[in-house]
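Structure file final-v3.txt with compact mmCIF, C-alpha atoms and all ligand atoms:
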```txt
# COMPACT_ATOMS: atom_id res chain seq x y z
CA MET M 1 0.00 0.00 0.00
CA ASP M 2 2.43 2.74 1.06
CA ASP M 3 3.50 4.10 -2.29
CA THR M 4 5.30 7.17 -1.06
CA PRO M 5 7.27 8.48 -4.02
CA LEU M 6 11.02 8.49 -3.46
CA ALA M 7 11.02 12.20 -4.29
CA TYR M 8 8.94 12.77 -1.15
CA ARG M 9 11.38 10.82 0.98
CA ARG M 10 14.30 12.74 -0.48
CA ALA M 11 12.64 16.10 0.08
CA LEU M 12 11.75 15.21 3.66
CA ALA M 13 15.15 13.72 4.46
CA ASP M 14 16.99 16.67 2.91
CA TYR M 15 14.81 19.03 4.89
CA ILE M 16 15.16 17.35 8.25
CA THR M 17 18.78 16.23 8.12
CA ASN M 18 20.15 19.60 7.00
CA PRO M 19 22.68 20.43 9.76
CA GLU M 20 22.13 24.15 9.18
CA ARG M 21 18.63 23.87 10.60
CA GLU M 22 20.16 22.57 13.82
CA THR M 23 17.49 19.95 14.00
CA ALA M 24 17.81 16.23 13.67
CA TRP M 25 15.72 13.20 13.16
CA ILE M 26 14.03 12.11 16.30
CA SER M 27 16.42 9.23 16.62
CA PRO M 28 18.57 7.52 19.26
CA ILE M 29 21.55 8.55 17.14
CA GLY M 30 20.97 12.11 18.33
CA LEU M 31 21.69 11.21 21.94
CA ASP M 32 25.28 10.39 22.89
CA GLU M 33 24.52 7.55 25.29
CA SER M 34 22.30 5.79 22.74
CA LEU M 35 24.85 6.39 19.97
CA GLU M 36 27.57 4.90 22.18
CA TYR M 37 25.43 1.85 22.84
CA LEU M 38 24.94 1.33 19.10
CA VAL M 39 28.62 1.85 18.25
CA ASP M 40 29.80 -0.61 20.93
CA LEU M 41 27.71 -3.51 19.64
CA PRO M 42 30.11 -5.11 17.11
CA ASP M 43 32.84 -5.15 19.77
CA ARG M 44 30.54 -6.53 22.41
CA TYR M 45 29.04 -9.31 20.31
CA ASP M 46 31.58 -10.08 17.62
CA THR M 47 35.24 -10.00 16.61
CA VAL M 48 36.01 -7.04 14.41
CA ASP M 49 39.11 -7.55 12.34
CA ASP M 50 40.38 -6.74 8.85
CA GLY M 51 37.72 -7.25 6.24
CA TYR M 52 34.82 -6.86 8.69
CA ARG M 53 32.01 -5.09 6.82
CA ILE M 54 29.35 -2.87 8.39
CA ALA M 55 26.38 -1.21 6.65
CA ASP M 56 24.36 1.71 8.02
CA LEU M 57 21.06 1.74 6.16
CA GLY M 58 19.18 5.04 5.88
CA SER M 59 22.09 6.86 7.44
CA GLY M 60 20.55 10.35 7.42
CA ASP M 61 23.28 12.84 8.21
CA GLY M 62 25.92 10.11 8.56
CA THR M 63 26.47 10.42 12.32
CA LEU M 64 26.41 6.67 12.95
CA THR M 65 28.35 5.82 9.77
CA VAL M 66 31.24 8.06 10.79
CA ALA M 67 31.14 7.06 14.47
CA LEU M 68 31.42 3.39 13.44
CA ALA M 69 34.29 4.08 11.03
CA GLU M 70 36.11 5.95 13.80
CA ALA M 71 35.55 3.16 16.33
CA TYR M 72 36.54 0.36 13.95
CA PRO M 73 39.42 1.46 11.71
CA GLU M 74 39.95 -2.14 10.58
CA ALA M 75 36.36 -2.42 9.30
CA ASP M 76 34.77 -1.04 6.15
CA VAL M 77 31.67 0.99 6.94
CA ILE M 78 29.19 1.85 4.21
CA GLY M 79 26.38 4.35 4.76
CA ILE M 80 23.46 4.27 2.32
CA ASP M 81 20.72 6.87 1.91
CA ILE M 82 18.42 8.02 -0.86
CA ALA M 83 19.05 11.58 0.29
CA PRO M 84 22.85 11.25 0.57
CA ARG M 85 23.91 14.91 0.55
CA TYR M 86 24.74 15.23 4.25
CA LEU M 87 25.99 11.66 4.53
CA GLN M 88 28.45 12.42 1.74
CA ASP M 89 29.59 15.60 3.53
CA ALA M 90 30.10 13.69 6.79
CA VAL M 91 32.10 10.93 5.10
CA ARG M 92 34.20 13.42 3.15
CA ASP M 93 35.01 15.34 6.36
CA TYR M 94 35.85 12.09 8.15
CA ARG M 95 38.24 11.06 5.39
CA GLU M 96 39.91 14.47 5.28
CA ASN M 97 40.23 14.80 9.04
CA THR M 98 41.50 11.30 9.75
CA GLY M 99 43.27 10.38 6.52
CA ARG M 100 41.37 7.09 6.68
CA SER M 101 39.33 5.64 3.84
CA ASN M 102 37.26 3.03 5.71
CA ALA M 103 33.99 4.98 5.47
CA LYS M 104 31.98 5.21 2.28
CA ALA M 105 28.76 6.99 1.32
CA VAL M 106 26.40 5.42 -1.19
CA GLY M 107 23.38 7.28 -2.58
CA GLY M 108 20.42 5.15 -3.58
CA ASP M 109 17.45 3.08 -2.52
CA VAL M 110 18.70 0.59 0.06
CA TYR M 111 16.60 -2.22 -1.34
CA GLU M 112 18.12 -1.74 -4.79
CA VAL M 113 21.75 -1.11 -3.94
CA LEU M 114 22.22 -3.51 -1.01
CA PRO M 115 22.43 -6.63 -3.21
CA GLU M 116 25.30 -4.98 -5.12
CA LEU M 117 27.19 -4.09 -1.94
CA GLU M 118 26.82 -7.25 0.16
CA PRO M 119 28.01 -9.24 2.09
CA PHE M 120 28.00 -7.61 5.53
CA ASP M 121 28.84 -8.85 9.03
CA PHE M 122 26.77 -6.21 10.81
CA ILE M 123 23.88 -4.21 9.38
CA TYR M 124 22.28 -1.27 11.16
CA ALA M 125 18.79 -0.17 10.18
CA VAL M 126 18.04 2.67 12.58
CA ASN M 127 14.70 4.34 12.10
CA MET M 128 14.23 3.31 8.53
CA LEU M 129 12.59 -0.11 8.20
CA GLN M 130 9.20 1.36 9.07
CA ASP M 131 9.42 3.38 5.85
CA ALA M 132 9.43 0.24 3.70
CA SER M 133 6.29 -0.34 1.67
CA ASP M 134 6.61 -4.10 2.22
CA PHE M 135 8.18 -4.93 5.59
CA PRO M 136 8.77 -8.69 5.04
CA ALA M 137 10.34 -7.98 1.63
CA ALA M 138 12.56 -5.33 3.20
CA VAL M 139 13.70 -7.79 5.87
CA GLU M 140 14.44 -10.38 3.18
CA THR M 141 16.65 -7.94 1.24
CA VAL M 142 18.53 -6.96 4.38
CA ALA M 143 18.94 -10.57 5.58
CA ASP M 144 20.14 -11.65 2.11
CA ALA M 145 22.92 -9.07 2.30
CA THR M 146 24.56 -10.68 5.33
CA ARG M 147 27.33 -13.24 5.80
CA ASP M 148 26.51 -16.56 7.50
CA ASP M 149 27.20 -15.39 11.04
CA ALA M 150 25.84 -11.88 11.07
CA TYR M 151 24.02 -9.29 13.14
CA ILE M 152 21.22 -6.92 12.21
CA GLY M 153 20.50 -4.08 14.62
CA ALA M 154 17.22 -2.32 14.03
CA THR M 155 14.95 0.21 15.61
CA PHE M 156 11.44 0.59 14.34
CA THR M 157 8.20 1.77 15.78
CA ASP M 158 6.63 -1.15 17.56
CA GLU M 159 3.49 -1.01 19.70
CA GLU M 160 5.33 0.64 22.58
CA ALA M 161 6.68 3.48 20.47
CA LYS M 162 3.46 4.42 18.70
CA TYR M 163 2.33 6.92 21.36
CA LEU M 164 5.13 9.27 20.23
CA PHE M 165 3.01 10.64 17.42
CA ALA M 166 -0.34 9.51 18.81
CA ASP M 167 -2.26 12.26 17.01
CA PHE M 168 -1.18 10.83 13.68
CA LEU M 169 -2.15 7.20 14.30
CA ASP M 170 -4.30 5.64 11.65
CA TYR M 171 -5.61 2.15 11.02
CA ASP M 172 -5.82 0.48 7.62
CA GLU M 173 -8.59 -2.11 7.59
CA GLU M 174 -7.53 -3.77 4.38
CA GLU M 175 -4.01 -4.29 5.67
CA ASP M 176 -5.15 -4.80 9.27
CA ALA M 177 -2.22 -2.64 10.27
CA GLU M 178 -1.55 0.60 12.09
CA TYR M 179 0.28 3.55 10.62
CA TRP M 180 1.37 7.01 11.40
CA LYS M 181 -0.12 9.06 8.64
CA PHE M 182 1.54 12.39 7.93
CA GLU M 183 0.00 14.75 5.41
CA ASP M 184 1.15 17.90 3.64
CA ILE M 185 4.35 18.48 5.57
CA GLU M 186 5.93 21.61 4.11
CA THR M 187 9.57 21.12 3.14
CA GLU M 188 11.74 23.49 1.12
CA GLU M 189 10.99 21.60 -2.08
CA MET M 190 7.39 20.45 -1.81
CA ALA M 191 4.57 19.43 0.48
CA VAL M 192 5.09 15.83 1.52
CA SER M 193 2.62 13.15 2.60
CA PHE M 194 3.66 9.73 3.80
CA LYS M 195 2.85 6.82 6.07
CA GLN M 196 4.99 4.87 8.50
CA ARG M 197 4.10 1.40 9.66
CA ILE M 198 3.76 0.42 13.28
CA ILE M 199 5.44 -2.99 13.37
CA PRO M 200 4.42 -5.17 16.31
CA GLU M 201 7.30 -7.09 17.91
CA SER M 202 5.77 -10.46 17.02
CA GLU M 203 5.59 -9.50 13.34
CA ALA M 204 9.19 -8.31 13.30
CA VAL M 205 10.52 -11.38 15.09
CA ALA M 206 8.62 -13.65 12.67
CA ALA M 207 9.89 -11.74 9.62
CA PHE M 208 13.54 -11.98 10.73
CA GLY M 209 13.05 -15.58 11.87
CA GLU M 210 12.15 -16.55 8.27
CA TYR M 211 15.78 -15.93 7.38
CA GLY M 212 17.35 -17.56 10.43
CA PHE M 213 17.74 -14.39 12.51
CA GLU M 214 16.88 -14.70 16.20
CA PRO M 215 16.65 -11.79 18.63
CA VAL M 216 19.61 -11.70 21.02
CA ASP M 217 18.89 -8.33 22.60
CA ARG M 218 16.10 -5.82 22.92
CA THR M 219 16.54 -2.54 24.69
CA GLU M 220 14.94 0.89 24.87
CA LEU M 221 17.09 3.60 23.37
CA LYS M 222 16.39 7.23 24.18
CA ALA M 223 16.22 10.23 21.91
CA GLU M 224 16.54 13.90 22.75
CA LYS M 225 13.30 15.62 23.69
CA ARG M 226 14.16 18.78 21.79
CA TYR M 227 14.33 16.73 18.61
CA LEU M 228 10.92 15.26 19.33
CA GLN M 229 9.50 18.76 19.79
CA ASP M 230 11.11 19.78 16.54
CA ALA M 231 9.64 16.79 14.73
CA LEU M 232 6.19 17.50 16.17
CA ASN M 233 6.41 21.11 15.03
CA ILE M 234 7.39 20.07 11.53
CA LEU M 235 4.55 17.56 11.36
CA ASP M 236 1.97 19.99 12.67
CA PRO M 237 2.97 23.63 13.20
CA ASP M 238 -0.28 24.20 15.15
CA ASN M 239 0.22 21.33 17.55
CA ASP M 240 0.09 22.04 21.26
CA ILE M 241 1.93 18.93 22.40
CA ASP M 242 4.69 19.48 24.92
CA ALA M 243 7.50 17.04 24.17
CA ASP M 244 8.77 17.52 27.73
CA GLU M 245 5.84 15.45 28.85
CA LEU M 246 6.78 12.60 26.53
CA GLU M 247 9.71 10.25 26.88
CA PRO M 248 11.09 9.72 23.40
CA SER M 249 12.36 6.17 23.30
CA TYR M 250 12.69 3.53 20.66
CA PRO M 251 12.86 -0.21 20.99
CA PHE M 252 16.10 -1.53 19.56
CA TYR M 253 16.36 -5.13 18.44
CA LEU M 254 19.56 -7.03 17.80
CA PHE M 255 19.13 -10.10 15.59
CA TYR M 256 21.78 -12.76 15.01
CA SER M 257 21.90 -15.49 12.39
CA GLY M 258 24.52 -17.76 13.95
CA ASP M 259 24.16 -20.40 16.62
CA ILE M 260 23.16 -18.47 19.73
CA ASN M 261 24.21 -21.27 22.08
CA GLY M 262 27.42 -22.15 20.29
CA GLU M 263 30.72 -20.34 20.37
C1 LIG T 301 14.12 8.70 10.09
S1 LIG T 301 15.57 8.89 9.16
C2 LIG T 301 16.78 8.08 10.17
C3 LIG T 301 18.17 8.55 9.91
C4 LIG T 301 19.25 7.91 10.82
N1 LIG T 301 19.34 6.46 10.66
C5 LIG T 301 18.96 8.26 12.25
O1 LIG T 301 18.44 7.42 12.97
O2 LIG T 301 19.20 9.41 12.64
C6 LIG T 301 15.34 7.72 7.85
C7 LIG T 301 16.41 7.83 6.80
O3 LIG T 301 16.30 6.69 5.96
C8 LIG T 301 16.37 7.10 4.62
N2 LIG T 301 15.62 6.11 3.87
C9 LIG T 301 14.34 5.69 4.07
N3 LIG T 301 14.02 4.73 3.19
C10 LIG T 301 15.13 4.52 2.42
C11 LIG T 301 15.43 3.66 1.35
N4 LIG T 301 14.53 2.80 0.87
N5 LIG T 301 16.67 3.72 0.80
C12 LIG T 301 17.59 4.59 1.27
N6 LIG T 301 17.37 5.44 2.28
C13 LIG T 301 16.15 5.40 2.86
C14 LIG T 301 15.79 8.51 4.59
O4 LIG T 301 16.26 9.24 3.49
C15 LIG T 301 16.29 9.07 5.93
O5 LIG T 301 17.53 9.70 5.82
```
Kindly transcribe the structure held in the file into structure tokens.
Amino acid sequence: MDDTPLAYRRALADYITNPERETAWISPIGLDESLEYLVDLPDRYDTVDDGYRIADLGSGDGTLTVALAEAYPEADVIGIDIAPRYLQDAVRDYRENTGRSNAKAVGGDVYEVLPELEPFDFIYAVNMLQDASDFPAAVETVADATRDDAYIGATFTDEEAKYLFADFLDYDEEEDAEYWKFEDIETEEMAVSFKQRIIPESEAVAAFGEYGFEPVDRTELKAEKRYLQDALNILDPDNDIDADELEPSYPFYLFYSGDINGE
């Protein structure tokens, strides 16, 4: 159903991720402690050595891509976004400042370019899977891009996160699914309308399980309240919601395709 044109996504992403606006996606990546948690994961769960390959899907302004490249100089880190302008800037700055070439920015639709870039040992999909028009198909593409023993770390809006934009909740009878429905958001380029799926935990676990991925961790990551207020104001300039009264948090799931009980 969701047939949001890519041009909409690009306009929205360009608008929101522009560092000059001093705003950010309402994302755990915007909060240092959550970013640190995400960056530590390959070290905590795996052995990162030469040839280790990490993908950051829907990288936005490239914060996570660059933080990973910095933390793991022996790994190759590839950020992918359909609105790659700021990701490209971040990667270029990283390369210039460090003299390292282990970060790369790729512009394009994740589900098209991932098969050309695989295989990966660790794939991050932070705040982007809920944009997919077909969630199981998106999971299949991501799972197919991994090596045998691999991790996928994902945040998406499950039932516990849906209160964040409660005013925008909508239910699709045909799909028997809940959405956030955002209409006529004014960006610099055009007015944008789009939907984001609410993905219940059971549905996500089943979708990843189809491809041999089992959950090994689930945690709540926090995001900065000022970013939530900013997002609310963009979505509805007339809103009277006080983000201070909300606790912006996202469930984060870590899936693993190897033998959980083995070494
Ligand atoms: C909500 S933002 C999250 C950005 C970043 N991961 C973060 O958490 O701050 C979603 C990002 O995913 C990108 N995106 C969504 N669907 C995509 C797709 N199919 N291919 C590439 N990028 C996509 C958007 O352009 C946007 O930058």
If I take atom CA of M:Ala145 and atom CA of M:Val77, how far is one from the other in Å, to one decimal?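 Going from atom CA of M:Ala145 over to atom CA of M:Val77 covers 14.1 Å.
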Contact table stretch 89-146 of chain M vs stretch 39-52 of chain M, cut-off 8 Å, shortest pair per residue, only C-alpha atoms, as JSON lines:
```
{"residue": "M:Phe120", "atom": "CA", "partner": "M:Tyr52", "partner_atom": "CA", "distance": 7.6}
{"residue": "M:Asp121", "atom": "CA", "partner": "M:Tyr52", "partner_atom": "CA", "distance": 6.3}
{"residue": "M:Phe122", "atom": "CA", "partner": "M:Pro42", "partner_atom": "CA", "distance": 7.2}
```
Residues of the last selection are to be written out with C-alpha atoms, as a compact mmCIF listing (two decimals), keeping the file's coordinate frame.
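After the write, result16.txt holds the following:
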```txt
# COMPACT_ATOMS: atom_id res chain seq x y z
CA PHE M 120 28.00 -7.61 5.53
CA ASP M 121 28.84 -8.85 9.03
CA PHE M 122 26.77 -6.21 10.81
```
What's around stretch 91-107 of chain M at 10 Å? Count all atoms listed in the file, leave out sequence neighbours fewer than 5 positions away in its own chain, and write the answer as a PyMOL selection string. chain M and resi 53-59+61-63+65-70+72-86+113-114+117
M:Val216 surroundings by all atoms listed in the file, 9 Å radius, close-in-sequence under 4 positions cut, as a PyMOL selection string: chain M and resi 253-256+260
Close residues, stretch 230-232 of chain M itself excluded, 8 Å, all atoms listed in the file, min 2 positions apart in chain, as a VMD selection string: chain M and resid 23 25 to 26 165 226 to 228 234 to 237 239 241
Which residue is closest to ligand LIG 301 (chain T)? Choose from M:Asp148, M:Asp184, M:Asp109, M:Asp167 and count all atoms listed in the file. M:Asp109
Excluding M:Glu214 and its own-chain neighbours fewer than 4 positions away, which residues fall within 12 Å of it when counting all atoms listed in the file? Please give them as an NGL selection string. :M and (143 or 149-153 or 202 or 204-210 or 218 or 253-261)
Could I see stretch 47-73 of chain M restored to N, CA and C atoms, set down as a PDB file, in the frame of the given file?
```
ATOM      1  N   THR M  47      33.824 -10.333  16.734  1.00  0.00           N
ATOM      2  CA  THR M  47      35.240 -10.000  16.610  1.00  0.00           C
ATOM      3  C   THR M  47      35.416  -9.151  15.358  1.00  0.00           C
ATOM      4  N   VAL M  48      35.851  -7.941  15.553  1.00  0.00           N
ATOM      5  CA  VAL M  48      36.010  -7.040  14.410  1.00  0.00           C
ATOM      6  C   VAL M  48      37.464  -7.037  13.989  1.00  0.00           C
ATOM      7  N   ASP M  49      37.733  -7.630  12.831  1.00  0.00           N
ATOM      8  CA  ASP M  49      39.110  -7.550  12.340  1.00  0.00           C
ATOM      9  C   ASP M  49      39.100  -7.151  10.876  1.00  0.00           C
ATOM     10  N   ASP M  50      40.267  -7.207  10.244  1.00  0.00           N
ATOM     11  CA  ASP M  50      40.380  -6.740   8.850  1.00  0.00           C
ATOM     12  C   ASP M  50      39.335  -7.434   7.987  1.00  0.00           C
ATOM     13  N   GLY M  51      38.697  -6.667   7.150  1.00  0.00           N
ATOM     14  CA  GLY M  51      37.720  -7.250   6.240  1.00  0.00           C
ATOM     15  C   GLY M  51      36.308  -7.281   6.798  1.00  0.00           C
ATOM     16  N   TYR M  52      36.158  -6.912   8.083  1.00  0.00           N
ATOM     17  CA  TYR M  52      34.820  -6.860   8.690  1.00  0.00           C
ATOM     18  C   TYR M  52      34.025  -5.765   7.967  1.00  0.00           C
ATOM     19  N   ARG M  53      32.766  -6.062   7.630  1.00  0.00           N
ATOM     20  CA  ARG M  53      32.010  -5.090   6.820  1.00  0.00           C
ATOM     21  C   ARG M  53      30.697  -4.709   7.528  1.00  0.00           C
ATOM     22  N   ILE M  54      30.521  -3.408   7.676  1.00  0.00           N
ATOM     23  CA  ILE M  54      29.350  -2.870   8.390  1.00  0.00           C
ATOM     24  C   ILE M  54      28.561  -1.975   7.430  1.00  0.00           C
ATOM     25  N   ALA M  55      27.229  -2.108   7.447  1.00  0.00           N
ATOM     26  CA  ALA M  55      26.380  -1.210   6.650  1.00  0.00           C
ATOM     27  C   ALA M  55      25.481  -0.416   7.595  1.00  0.00           C
ATOM     28  N   ASP M  56      25.287   0.844   7.272  1.00  0.00           N
ATOM     29  CA  ASP M  56      24.360   1.710   8.020  1.00  0.00           C
ATOM     30  C   ASP M  56      23.284   2.140   7.036  1.00  0.00           C
ATOM     31  N   LEU M  57      22.117   1.495   7.137  1.00  0.00           N
ATOM     32  CA  LEU M  57      21.060   1.740   6.160  1.00  0.00           C
ATOM     33  C   LEU M  57      20.228   2.967   6.551  1.00  0.00           C
ATOM     34  N   GLY M  58      19.947   3.824   5.586  1.00  0.00           N
ATOM     35  CA  GLY M  58      19.180   5.040   5.880  1.00  0.00           C
ATOM     36  C   GLY M  58      19.940   5.894   6.862  1.00  0.00           C
ATOM     37  N   SER M  59      21.161   6.261   6.476  1.00  0.00           N
ATOM     38  CA  SER M  59      22.090   6.860   7.440  1.00  0.00           C
ATOM     39  C   SER M  59      21.812   8.318   7.760  1.00  0.00           C
ATOM     40  N   GLY M  60      20.867   8.955   7.083  1.00  0.00           N
ATOM     41  CA  GLY M  60      20.550  10.350   7.420  1.00  0.00           C
ATOM     42  C   GLY M  60      21.753  11.239   7.259  1.00  0.00           C
ATOM     43  N   ASP M  61      22.148  11.911   8.331  1.00  0.00           N
ATOM     44  CA  ASP M  61      23.280  12.840   8.210  1.00  0.00           C
ATOM     45  C   ASP M  61      24.636  12.162   8.398  1.00  0.00           C
ATOM     46  N   GLY M  62      24.643  10.846   8.536  1.00  0.00           N
ATOM     47  CA  GLY M  62      25.920  10.110   8.560  1.00  0.00           C
ATOM     48  C   GLY M  62      26.563  10.014   9.931  1.00  0.00           C
ATOM     49  N   THR M  63      25.871  10.442  10.972  1.00  0.00           N
ATOM     50  CA  THR M  63      26.470  10.420  12.320  1.00  0.00           C
ATOM     51  C   THR M  63      26.923   9.023  12.717  1.00  0.00           C
ATOM     52  N   LEU M  64      26.050   8.037  12.541  1.00  0.00           N
ATOM     53  CA  LEU M  64      26.410   6.670  12.950  1.00  0.00           C
ATOM     54  C   LEU M  64      27.485   6.091  12.029  1.00  0.00           C
ATOM     55  N   THR M  65      27.365   6.343  10.733  1.00  0.00           N
ATOM     56  CA  THR M  65      28.350   5.820   9.770  1.00  0.00           C
ATOM     57  C   THR M  65      29.761   6.247  10.183  1.00  0.00           C
ATOM     58  N   VAL M  66      29.921   7.522  10.455  1.00  0.00           N
ATOM     59  CA  VAL M  66      31.240   8.060  10.790  1.00  0.00           C
ATOM     60  C   VAL M  66      31.695   7.578  12.164  1.00  0.00           C
ATOM     61  N   ALA M  67      30.765   7.524  13.120  1.00  0.00           N
ATOM     62  CA  ALA M  67      31.140   7.060  14.470  1.00  0.00           C
ATOM     63  C   ALA M  67      31.623   5.607  14.410  1.00  0.00           C
ATOM     64  N   LEU M  68      31.006   4.794  13.578  1.00  0.00           N
ATOM     65  CA  LEU M  68      31.420   3.390  13.440  1.00  0.00           C
ATOM     66  C   LEU M  68      32.796   3.307  12.775  1.00  0.00           C
ATOM     67  N   ALA M  69      33.003   4.110  11.732  1.00  0.00           N
ATOM     68  CA  ALA M  69      34.290   4.080  11.030  1.00  0.00           C
ATOM     69  C   ALA M  69      35.419   4.496  11.981  1.00  0.00           C
ATOM     70  N   GLU M  70      35.114   5.486  12.826  1.00  0.00           N
ATOM     71  CA  GLU M  70      36.110   5.950  13.800  1.00  0.00           C
ATOM     72  C   GLU M  70      36.426   4.849  14.810  1.00  0.00           C
ATOM     73  N   ALA M  71      35.383   4.180  15.277  1.00  0.00           N
ATOM     74  CA  ALA M  71      35.550   3.160  16.330  1.00  0.00           C
ATOM     75  C   ALA M  71      36.226   1.901  15.802  1.00  0.00           C
ATOM     76  N   TYR M  72      36.023   1.614  14.507  1.00  0.00           N
ATOM     77  CA  TYR M  72      36.540   0.360  13.950  1.00  0.00           C
ATOM     78  C   TYR M  72      37.370   0.630  12.696  1.00  0.00           C
ATOM     79  N   PRO M  73      38.608   1.121  12.876  1.00  0.00           N
ATOM     80  CA  PRO M  73      39.420   1.460  11.710  1.00  0.00           C
ATOM     81  C   PRO M  73      39.721   0.264  10.818  1.00  0.00           C
TER      82      PRO M  73
END
```
